[in-house]
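Undergrad: Starting off with a structure, shown below.
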Amino acid sequence: MADQPLNPQALNPLWHPFADMGAVDGDRMIITRGEGSYVWDDADRKYFDATASLWYANFGHGRPEITRAVTAQLEKLDSYNLFGYYANEPALELASRLSELAPTPGSKVFLGSGGGDVVDTAVKIARAYFANTGRPSKTHVIGRVQGYHGTHGFGTAVGGIAVNAVGFGPLLEGFSHIAYDSAAALEAEIERLGADRVAAFFCEPVIGAGGVLLPPEGYIEEVAAICRRHDVLFVADCVIAAFGRLGTWFGIDRWAVRPDMITTAKGLTGGTVPLAALLVAPHVAEPFFTGEPGAPTLRHGPTYSGHPVACAAANATLDIYERDNLIPRGRELEKPLADALADAAVHPLVAEVRAGLGFLAAVELTAETLAADPGAPGRLQRLIRDEGVLVRPVAKGVVVSPPLIAAEPELDLLAAALPKALDRLKS
């Protein structure tokens with residue numbers, strides 16, 4: 001043993017999120033650079049980034065505009081907090097721009113470091129809103145089975161992917177989950193609990209990490225109306241859906257509804273710098289903005305809320321979306337993506353392909369395939385990687401969410417890679 005060469009990867013202390021470290025250690029795929037819709041590993045192999053990294057590289061990689069904006073801001077003001085009355089110019093500009101784009105006019109903007117931050121913020125604001133308007137019993141939060149809302153405390157509790165809560169002991173109280181595709185189930189749960197106890201309902205327009213689950217026709221409008229009828233805040237979790245993924249600025253604005261709060265992150269900076277934004281409708285924010293003596297203070301906020309460098313990156317990102325007209329592409333590319341997956345959809349190992357609403361899709365394996373090999377999604381991911389395409393494994397298959405700049409050559413590459421990989425998985 002002493003004479004065997006040491007593997008430097010195996011000795012690295014880096015602990016990966018959502019990873020079997022016994023399998024990862026010594027078997028890392030090291031990404032070294034990115035340009036456009038492609039990334040390269042440390043062996044200089046090129047891959048189509050068909051997941052936009054983790055749903056966020058909406059304009060691809062290597063944008064010099066972001067580099068210039070970040071560099072200029074670092075040279076001017078590298079950091080300063082927003083607590084109390086402190087502010088910085090990039091944060092003020094970003095908040096104004098997001099508020100102007102919001103589906104609810106006059107929305108306030110609370111900035112965080114990531115989607116998990118603003119999900120927790122939304123839960124706290126929902127409860128604080130009712131506490132400060134004479135209804136302190138309204139604290140319960142309803143989520144959906146297979147919903148994903150990050151891994152912070154409240155996000156883990158409101159999320160509905162059961163395996164993500166295993167092994168952490170008792171979760172926070174005051175949360176429950178309903179079927180993801182039934183508006184009637186939401187009404188029944190509110191009535192079961194009593195509307196005087198329910199503060200908020202969290203809803204991804206399209207469930208992402210839970211398997212790209214599309215809402216039934218009319219579902220979004222129905223749940224928004226149910227929330228309004230029972231005085232429950234409708235929180236649209238658009239961390240994945242926003243900034244063009246569904247072909248609109250926030251994803252939820254594809255439907256004629258006005259959420260009480262909207263969570264965003266990921267595409268807000270194209271993933272270049274960690275940043276998130278929570279949009280809060282004026283009536284929810286109003287108790288905290290009266291300016292009267294004794295008005296409530298929201299005693300909450302991450303250290304890096306409104307970090308000037310992150311906000312500079314976000315402002316440059318919004319410029320790119322506007323200049324290159326990228327936001328509508330999520331809608332324009334949804335059919336070409338579905339067409340690219342047509343051959344995979346009829347493969348004998350595939351139970352279903354879910355696509356056609358935004359630039360994202362899922363390929364779900366058959367129950368027989370998963371029963372015979374529970375690790376099939378991970379194996380399929382690697383086989384597709386061998387074809388030069390990166391996808392993401394989920395519980396029952398793989399998902400894709402390419403950069404909005406992807407075009408016919410990239411979709412052709414995906415269309416060819418999937419059936420080849422499925423054939424190899426079958427054999």
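Each chain of the structure tokens is named A, B, ... in the order shown, its residues numbered from 1; ligands are numbered from 1 in display order.
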Give me, as JSON, numbers by chain, the residues of stretch 7-239 of chain A that a backbone DSSP run labels strand (DSSP E or B).

TA: {"A": [31, 32, 33, 34, 35, 36, 38, 39, 40, 41, 46, 47, 48, 49, 61, 108, 109, 110, 111, 112, 140, 141, 142, 143, 144, 175, 176, 177, 178, 198, 199, 200, 201, 202, 203, 207, 213, 233, 234, 235, 236, 237]}

Undergrad: Please run DSSP on the backbone and report, as an MDAnalysis selection string, all residues within stretch 327-412 of chain A that come out as helix (DSSP H, G or I).

TA: chainID A and resid 329:332 334:340 342:345 367:372 376:386 408:412

Undergrad: Residues of the last selection are to be written out with N, CA and C atoms, as a CSV table (one decimal), in the first residue's frame.

TA:
```
chain,number,residue,atom,x,y,z
A,329,ARG,N,-37.3,33.6,-25.6
A,329,ARG,CA,-36.8,32.4,-26.2
A,329,ARG,C,-37.2,31.2,-25.5
A,330,GLY,N,-37.5,31.3,-24.2
A,330,GLY,CA,-38.0,30.2,-23.4
A,330,GLY,C,-39.3,29.6,-24.0
A,331,ARG,N,-40.1,30.5,-24.6
A,331,ARG,CA,-41.4,30.1,-25.2
A,331,ARG,C,-41.1,29.7,-26.7
A,332,GLU,N,-40.2,30.4,-27.3
A,332,GLU,CA,-40.0,30.1,-28.7
A,332,GLU,C,-39.3,28.7,-28.9
A,334,GLU,N,-39.6,26.1,-26.8
A,334,GLU,CA,-40.2,24.9,-26.1
A,334,GLU,C,-40.6,23.8,-27.1
A,335,LYS,N,-41.2,24.2,-28.3
A,335,LYS,CA,-41.5,23.1,-29.2
A,335,LYS,C,-40.3,22.5,-29.9
A,336,PRO,N,-39.3,23.3,-30.3
A,336,PRO,CA,-38.1,22.6,-30.8
A,336,PRO,C,-37.5,21.7,-29.8
A,337,LEU,N,-37.5,22.0,-28.5
A,337,LEU,CA,-37.0,21.1,-27.5
A,337,LEU,C,-37.8,19.8,-27.5
A,338,ALA,N,-39.1,20.0,-27.5
A,338,ALA,CA,-40.0,18.8,-27.4
A,338,ALA,C,-39.7,17.9,-28.7
A,339,ASP,N,-39.6,18.6,-29.8
A,339,ASP,CA,-39.3,17.8,-31.1
A,339,ASP,C,-38.0,17.1,-31.0
A,340,ALA,N,-37.0,17.7,-30.4
A,340,ALA,CA,-35.7,17.1,-30.2
A,340,ALA,C,-35.7,15.8,-29.4
A,342,ALA,N,-38.3,13.7,-29.4
A,342,ALA,CA,-39.3,12.8,-29.9
A,342,ALA,C,-38.8,11.4,-30.0
A,343,ASP,N,-37.6,11.2,-30.5
A,343,ASP,CA,-37.0,9.8,-30.6
A,343,ASP,C,-36.9,9.2,-29.2
A,344,ALA,N,-36.4,10.0,-28.3
A,344,ALA,CA,-36.3,9.4,-26.9
A,344,ALA,C,-37.6,9.0,-26.3
A,345,ALA,N,-38.7,9.8,-26.7
A,345,ALA,CA,-40.0,9.5,-26.1
A,345,ALA,C,-40.6,8.2,-26.5
A,367,ALA,N,-41.1,2.2,-15.0
A,367,ALA,CA,-41.0,1.6,-13.7
A,367,ALA,C,-40.2,0.3,-13.7
A,368,GLU,N,-40.3,-0.4,-14.8
A,368,GLU,CA,-39.5,-1.7,-14.9
A,368,GLU,C,-38.1,-1.4,-14.9
A,369,THR,N,-37.7,-0.4,-15.6
A,369,THR,CA,-36.2,-0.1,-15.7
A,369,THR,C,-35.7,0.4,-14.3
A,370,LEU,N,-36.5,1.2,-13.6
A,370,LEU,CA,-36.1,1.7,-12.3
A,370,LEU,C,-36.1,0.6,-11.3
A,371,ALA,N,-37.0,-0.3,-11.4
A,371,ALA,CA,-37.1,-1.4,-10.4
A,371,ALA,C,-35.9,-2.4,-10.6
A,372,ALA,N,-35.5,-2.6,-11.9
A,372,ALA,CA,-34.3,-3.5,-12.2
A,372,ALA,C,-33.0,-2.8,-11.8
A,376,ALA,N,-30.4,3.7,-12.4
A,376,ALA,CA,-30.4,3.9,-13.8
A,376,ALA,C,-30.3,5.4,-14.2
A,377,PRO,N,-31.0,6.4,-13.5
A,377,PRO,CA,-30.8,7.8,-13.9
A,377,PRO,C,-29.4,8.3,-13.9
A,378,GLY,N,-28.6,7.9,-12.8
A,378,GLY,CA,-27.2,8.3,-12.8
A,378,GLY,C,-26.4,7.6,-13.9
A,379,ARG,N,-26.7,6.4,-14.1
A,379,ARG,CA,-26.0,5.7,-15.2
A,379,ARG,C,-26.3,6.4,-16.6
A,380,LEU,N,-27.6,6.7,-16.8
A,380,LEU,CA,-28.0,7.3,-18.0
A,380,LEU,C,-27.3,8.7,-18.2
A,381,GLN,N,-27.2,9.4,-17.1
A,381,GLN,CA,-26.5,10.7,-17.2
A,381,GLN,C,-25.1,10.6,-17.7
A,382,ARG,N,-24.4,9.6,-17.2
A,382,ARG,CA,-23.0,9.3,-17.6
A,382,ARG,C,-22.9,8.9,-19.0
A,383,LEU,N,-23.8,8.1,-19.5
A,383,LEU,CA,-23.8,7.6,-20.9
A,383,LEU,C,-24.1,8.8,-21.8
A,384,ILE,N,-25.0,9.7,-21.4
A,384,ILE,CA,-25.2,10.9,-22.2
A,384,ILE,C,-24.0,11.8,-22.2
A,385,ARG,N,-23.3,11.8,-21.1
A,385,ARG,CA,-22.1,12.6,-21.0
A,385,ARG,C,-21.1,12.1,-22.0
A,386,ASP,N,-21.0,10.8,-22.2
A,386,ASP,CA,-20.1,10.2,-23.1
A,386,ASP,C,-20.4,10.7,-24.6
A,408,GLU,N,-30.2,25.3,-33.1
A,408,GLU,CA,-30.4,24.0,-33.8
A,408,GLU,C,-29.3,23.0,-33.6
A,409,PRO,N,-28.0,23.5,-33.7
A,409,PRO,CA,-26.9,22.5,-33.6
A,409,PRO,C,-26.9,21.8,-32.2
A,410,GLU,N,-27.2,22.6,-31.2
A,410,GLU,CA,-27.2,22.0,-29.8
A,410,GLU,C,-28.4,21.1,-29.6
A,411,LEU,N,-29.5,21.5,-30.1
A,411,LEU,CA,-30.7,20.6,-30.0
A,411,LEU,C,-30.5,19.3,-30.8
A,412,ASP,N,-29.8,19.4,-32.0
A,412,ASP,CA,-29.5,18.2,-32.7
A,412,ASP,C,-28.6,17.3,-32.0
```

Undergrad: List as a PyMOL selection string the protein and nucleic acid residues near A:Val70, meaning an atom at most 7 Å away when only C-alpha atoms are counted, but skip any in the same chain fewer than 2 places from it.

TA: chain A and resi 66-68+72-74+309+312-313

Undergrad: Please produce a file of the residues just selected, as a PDB file, in the first residue's frame, where the atoms kept are C-alpha atoms.

TA:
```
ATOM      1  CA  ILE A  66     -20.472  40.522 -16.654  1.00  0.00           C
ATOM      2  CA  THR A  67     -16.706  40.526 -16.184  1.00  0.00           C
ATOM      3  CA  ARG A  68     -16.543  44.234 -16.966  1.00  0.00           C
ATOM      4  CA  ALA A  72     -15.752  48.054 -12.399  1.00  0.00           C
ATOM      5  CA  GLN A  73     -17.789  47.612  -9.236  1.00  0.00           C
ATOM      6  CA  LEU A  74     -14.919  45.969  -7.353  1.00  0.00           C
ATOM      7  CA  VAL A 309     -20.821  43.352  -6.821  1.00  0.00           C
ATOM      8  CA  ALA A 312     -23.754  44.972 -10.593  1.00  0.00           C
ATOM      9  CA  ALA A 313     -23.668  41.526 -12.174  1.00  0.00           C
TER      10      ALA A 313
END
```

Undergrad: Hey, what's within 10 Å of stretch 211-221 of chain A if we count only C-alpha atoms and toss same-chain stuff fewer than 3 positions away? As a ChimeraX atom specification, please?

TA: /A:146-148,180-184,203-208,224-226,236,252,254-258,353-358,360-364,393-401

Undergrad: Could you state the separation of atom CA of A:Gly153 and atom CA of A:Pro296 in Å, given to one decimal place?

TA: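 According to the coordinates, atom CA of A:Gly153 and atom CA of A:Pro296 are separated by 23.6 Å.
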
Undergrad: Closest to A:Pro287 among A:Ala57, A:Ala128, A:Ile142, A:Val158, using only C-alpha atoms?

TA: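 For A:Pro287, the nearest of the given residues is A:Ala128.
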
Undergrad: Report as a list in words all protein, DNA and RNA residues lying within 8 Å of A:Asp120, evaluated on only C-alpha atoms, omitting residues in the same chain fewer than 2 positions from it.

TA: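 With the cut-off at 8 Å, the set is Gly116, Asp117, Val118, Ala122, Val123, Lys124, His152, Gly153, Phe154 and Gly155 of chain A.
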
Undergrad: Write out as a list in words which residues come within 9 Å of A:Gly159 when counting only C-alpha atoms, dropping same-chain ones fewer than 3 positions away.

TA: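 Counting only C-alpha atoms, the residues come to Gly143, Arg144, Val145, Gln146, Gly147, Tyr148, His149, Gly150, Thr151, Phe154, Gly155, Thr156, Ala162, Asn164, Ala165, His177 and Phe202 of chain A.
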
Undergrad: Suppose you want the space between atom CA of A:Leu193 and atom CA of A:Ile262; what is it in Å?

TA: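 A separation of 24.2 Å between them.
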
Undergrad: Show which residues sit within 10 Å of A:Gly306, as a PyMOL selection string. Count only C-alpha atoms, and ignore same-chain residues fewer than 6 positions away.

TA: chain A and resi 79-83+87-92+94-95+110-113+275-277+312

Undergrad: Could you jot down the atom CA of A:Val39 to atom CA of A:His347 separation for me, Å, one decimal place?

TA: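 So the two atoms, atom CA of A:Val39 and atom CA of A:His347, lie 28.1 Å apart.
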